[in-house]
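Student: query.tsv is reproduced below (TSV, C-alpha atoms and all ligand atoms).
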```tsv
chain	number	residue	atom	x	y	z
A	1	MET	CA	189.38	105.99	131.05
A	2	GLY	CA	188.29	102.36	130.83
A	3	ALA	CA	188.05	99.72	128.15
A	4	LEU	CA	185.74	99.34	125.13
A	5	SER	CA	183.49	96.27	125.19
A	6	HIS	CA	184.14	95.50	121.50
A	7	PRO	CA	187.35	97.26	120.49
A	8	ASP	CA	188.42	97.10	116.84
A	9	ALA	CA	192.03	97.22	117.97
A	10	GLN	CA	193.94	97.04	121.23
A	11	GLY	CA	197.47	97.95	122.19
A	12	HIS	CA	199.49	96.92	125.25
A	13	TYR	CA	202.84	98.25	126.31
A	14	LEU	CA	205.13	97.70	129.25
A	15	GLY	CA	207.13	100.78	130.14
A	16	LYS	CA	210.71	100.62	131.31
A	17	CYS	CA	209.52	101.50	134.83
A	18	GLY	CA	207.38	98.32	134.86
A	19	ASP	CA	204.05	100.13	134.48
A	20	ARG	CA	201.60	98.91	131.86
A	21	MET	CA	199.06	100.60	129.67
A	22	GLN	CA	196.28	99.35	127.42
A	23	ILE	CA	194.56	101.42	124.72
A	24	ASP	CA	191.37	100.28	122.95
A	25	LEU	CA	190.27	101.82	119.67
A	26	GLN	CA	187.00	101.96	117.81
A	27	ILE	CA	187.76	102.54	114.14
A	28	VAL	CA	185.54	103.32	111.17
A	29	ASP	CA	187.01	103.68	107.68
A	30	GLY	CA	190.54	104.05	109.00
A	31	ARG	CA	189.56	106.82	111.42
A	32	ILE	CA	189.52	106.58	115.22
A	33	LEU	CA	186.04	107.26	116.55
A	34	ASP	CA	186.64	106.37	120.17
A	35	ALA	CA	189.66	105.56	122.32
A	36	ARG	CA	189.90	104.38	125.94
A	37	PHE	CA	192.82	103.53	128.13
A	38	LEU	CA	193.71	101.54	131.23
A	39	ALA	CA	196.88	102.12	133.23
A	40	ASP	CA	198.23	100.57	136.39
A	41	GLY	CA	201.00	103.07	136.87
A	42	CYS	CA	201.70	106.48	138.26
A	43	GLY	CA	199.42	109.52	138.23
A	44	ALA	CA	201.22	110.92	135.19
A	45	THR	CA	200.12	107.93	133.08
A	46	LEU	CA	196.52	108.83	133.86
A	47	ALA	CA	197.09	112.37	132.58
A	48	CYS	CA	198.99	111.04	129.54
A	49	GLY	CA	196.40	108.39	128.72
A	50	SER	CA	193.53	110.75	129.06
A	51	MET	CA	195.13	113.49	126.91
A	52	LEU	CA	196.43	111.04	124.31
A	53	THR	CA	193.11	109.23	123.83
A	54	LYS	CA	191.48	112.65	123.42
A	55	MET	CA	194.12	113.63	120.84
A	56	ALA	CA	193.68	110.35	118.93
A	57	CYS	CA	189.91	110.71	118.50
A	58	SER	CA	188.88	111.65	114.95
A	59	LYS	CA	192.44	111.15	113.64
A	60	THR	CA	193.26	108.61	110.93
A	61	LEU	CA	195.37	105.63	111.99
A	62	GLU	CA	198.30	107.13	110.09
A	63	GLN	CA	197.96	110.47	111.92
A	64	ALA	CA	197.56	108.76	115.31
A	65	LYS	CA	200.74	106.75	114.74
A	66	GLN	CA	202.65	109.98	114.21
A	67	ILE	CA	201.73	111.61	117.53
A	68	SER	CA	205.07	111.93	119.34
A	69	PRO	CA	205.83	111.96	123.08
A	70	ASP	CA	206.91	115.61	122.62
A	71	GLU	CA	203.51	116.59	121.19
A	72	LEU	CA	201.82	114.87	124.10
A	73	LEU	CA	204.08	116.69	126.57
A	74	ILE	CA	203.27	120.03	124.94
A	75	ALA	CA	199.53	119.27	125.14
A	76	LEU	CA	199.97	118.46	128.83
A	77	ASP	CA	202.03	121.59	129.44
A	78	GLY	CA	204.98	119.44	130.49
A	79	LEU	CA	205.58	116.78	133.11
A	80	PRO	CA	208.18	116.54	135.87
A	81	ASP	CA	211.56	115.30	134.53
A	82	ASP	CA	211.27	111.94	136.25
A	83	HIS	CA	207.91	111.35	134.52
A	84	LEU	CA	208.86	112.13	130.92
A	85	HIS	CA	208.91	108.41	130.14
A	86	CYS	CA	205.23	108.14	131.10
A	87	ALA	CA	204.37	110.10	127.93
A	88	GLU	CA	206.51	107.64	125.98
A	89	LEU	CA	204.61	104.72	127.50
A	90	ALA	CA	201.27	106.21	126.40
A	91	VAL	CA	202.50	106.98	122.86
A	92	MET	CA	204.00	103.49	122.43
A	93	THR	CA	200.74	101.92	123.62
A	94	LEU	CA	198.77	103.91	121.03
A	95	ARG	CA	201.24	102.85	118.32
A	96	GLU	CA	200.74	99.19	119.34
A	97	ALA	CA	196.98	99.68	119.01
A	98	VAL	CA	197.44	101.18	115.52
A	99	ILE	CA	199.65	98.24	114.51
A	100	ASP	CA	196.96	95.88	115.80
A	101	ALA	CA	194.38	97.76	113.72
A	102	VAL	CA	196.48	97.56	110.57
A	103	GLU	CA	197.57	93.95	110.96
A	104	GLY	CA	194.28	92.66	112.38
A	105	HIS	CA	193.84	90.51	115.47
A	201	LIG	FE1	205.91	104.41	135.16
A	201	LIG	FE2	204.95	106.86	135.03
A	201	LIG	S1	206.27	106.04	136.55
A	201	LIG	S2	204.65	105.25	133.65
```
Before anything else, please render the file you have as structure tokens.
Ligand code: FES
Tutor:
Amino acid sequence: MGALSHPDAQGHYLGKCGDRMQIDLQIVDGRILDARFLADGCGATLACGSMLTKMACSKTLEQAKQISPDELLIALDGLPDDHLHCAELAVMTLREAVIDAVEGH
């Protein structure tokens, strides 16, 4: 958890519940070397952010973009029904960070 001091890319996303997430990426040769997240939302976003940034490390940008909310939920062994959208928030934030990496700041 946290932010990178010199991220190569950064994604922000506002979930439908009003919670926000930020994901910072360090990228070398199109591969994610480090990922950190910040979240101001529920406890489930902390679990989602922490698992998702772990999953993104060492993946290519293309692979990271393809991680789905379902894959994240499987890795987390599920979430309560009223928190399924928290996984979506984390995945959308990572996708925004990948778009930022591809399109540049
Ligand atoms: Fe908003 Fe979990 S309740 S992200």
Student: Dump as CSV the rows for residues of chain A within 9 Å of ligand LIG 201 (chain A): closest atom pair and distance in Å with one decimal, all atoms listed in the file counted, ordered by chain and rising residue number.
Tutor:
```
residue,atom,partner,partner_atom,distance
A:Leu14,CA,A:LIG201,S2,8.8
A:Gly15,CA,A:LIG201,S2,6.2
A:Lys16,CA,A:LIG201,FE1,7.2
A:Cys17,CA,A:LIG201,FE1,4.6
A:Gly18,CA,A:LIG201,FE1,6.3
A:Asp19,CA,A:LIG201,FE1,4.7
A:Arg20,CA,A:LIG201,S2,7.3
A:Met21,CA,A:LIG201,S2,8.3
A:Ala39,CA,A:LIG201,S2,8.4
A:Asp40,CA,A:LIG201,S2,8.4
A:Gly41,CA,A:LIG201,S2,5.3
A:Cys42,CA,A:LIG201,FE2,4.6
A:Gly43,CA,A:LIG201,FE2,6.9
A:Ala44,CA,A:LIG201,FE2,5.5
A:Thr45,CA,A:LIG201,S2,5.3
A:Leu46,CA,A:LIG201,FE2,8.7
A:Asp82,CA,A:LIG201,S1,7.7
A:His83,CA,A:LIG201,FE2,5.4
A:Leu84,CA,A:LIG201,FE2,7.7
A:His85,CA,A:LIG201,S2,6.4
A:Cys86,CA,A:LIG201,S2,3.9
A:Ala87,CA,A:LIG201,S2,7.5
A:Glu88,CA,A:LIG201,S2,8.2
A:Leu89,CA,A:LIG201,S2,6.2
A:Ala90,CA,A:LIG201,S2,8.1
```
Student: Report, in Å to a single decimal, how far apart CA of Glu71 (chain A) and CA of Leu38 (chain A) are.
Tutor: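 According to the coordinates, CA of Leu38 (chain A) and CA of Glu71 (chain A) are separated by 20.6 Å.
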Student: Go through A:Gly49, A:Pro7, A:Gly2, A:Pro69 one by one, measure the shortest atom-to-atom distance of each to Ala97 (chain A) using all atoms listed in the file, and give the residue with the smallest value.
Tutor: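 So, comparing all the options, the nearest one is A:Pro7.
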Student: Excluding Ala56 (chain A) and its own-chain neighbours fewer than 5 positions away, which residues fall within 10 Å of it when counting all atoms listed in the file? Please give them as a list of chain:residue names.
Tutor: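 Counting only the stated atoms, we get A:Leu25, A:Arg31, A:Ile32, A:Leu33, A:Asp34, A:Ala35, A:Arg36, A:Met51, A:Leu61, A:Gln63, A:Ala64, A:Lys65, A:Ile67, A:Leu94.
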Student: Hey, can you check how far CA of Asp24 (chain A) sits from CA of Glu62 (chain A)?
Tutor: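 Separation of CA of Asp24 (chain A) and CA of Glu62 (chain A): 16.1 Å.
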Student: Select, from A:Arg95, A:Gln10, A:Met1, A:Leu72, the residue with the minimum atom-to-atom distance to Ser50 (chain A), counting only C-alpha atoms.
Tutor: A:Met1
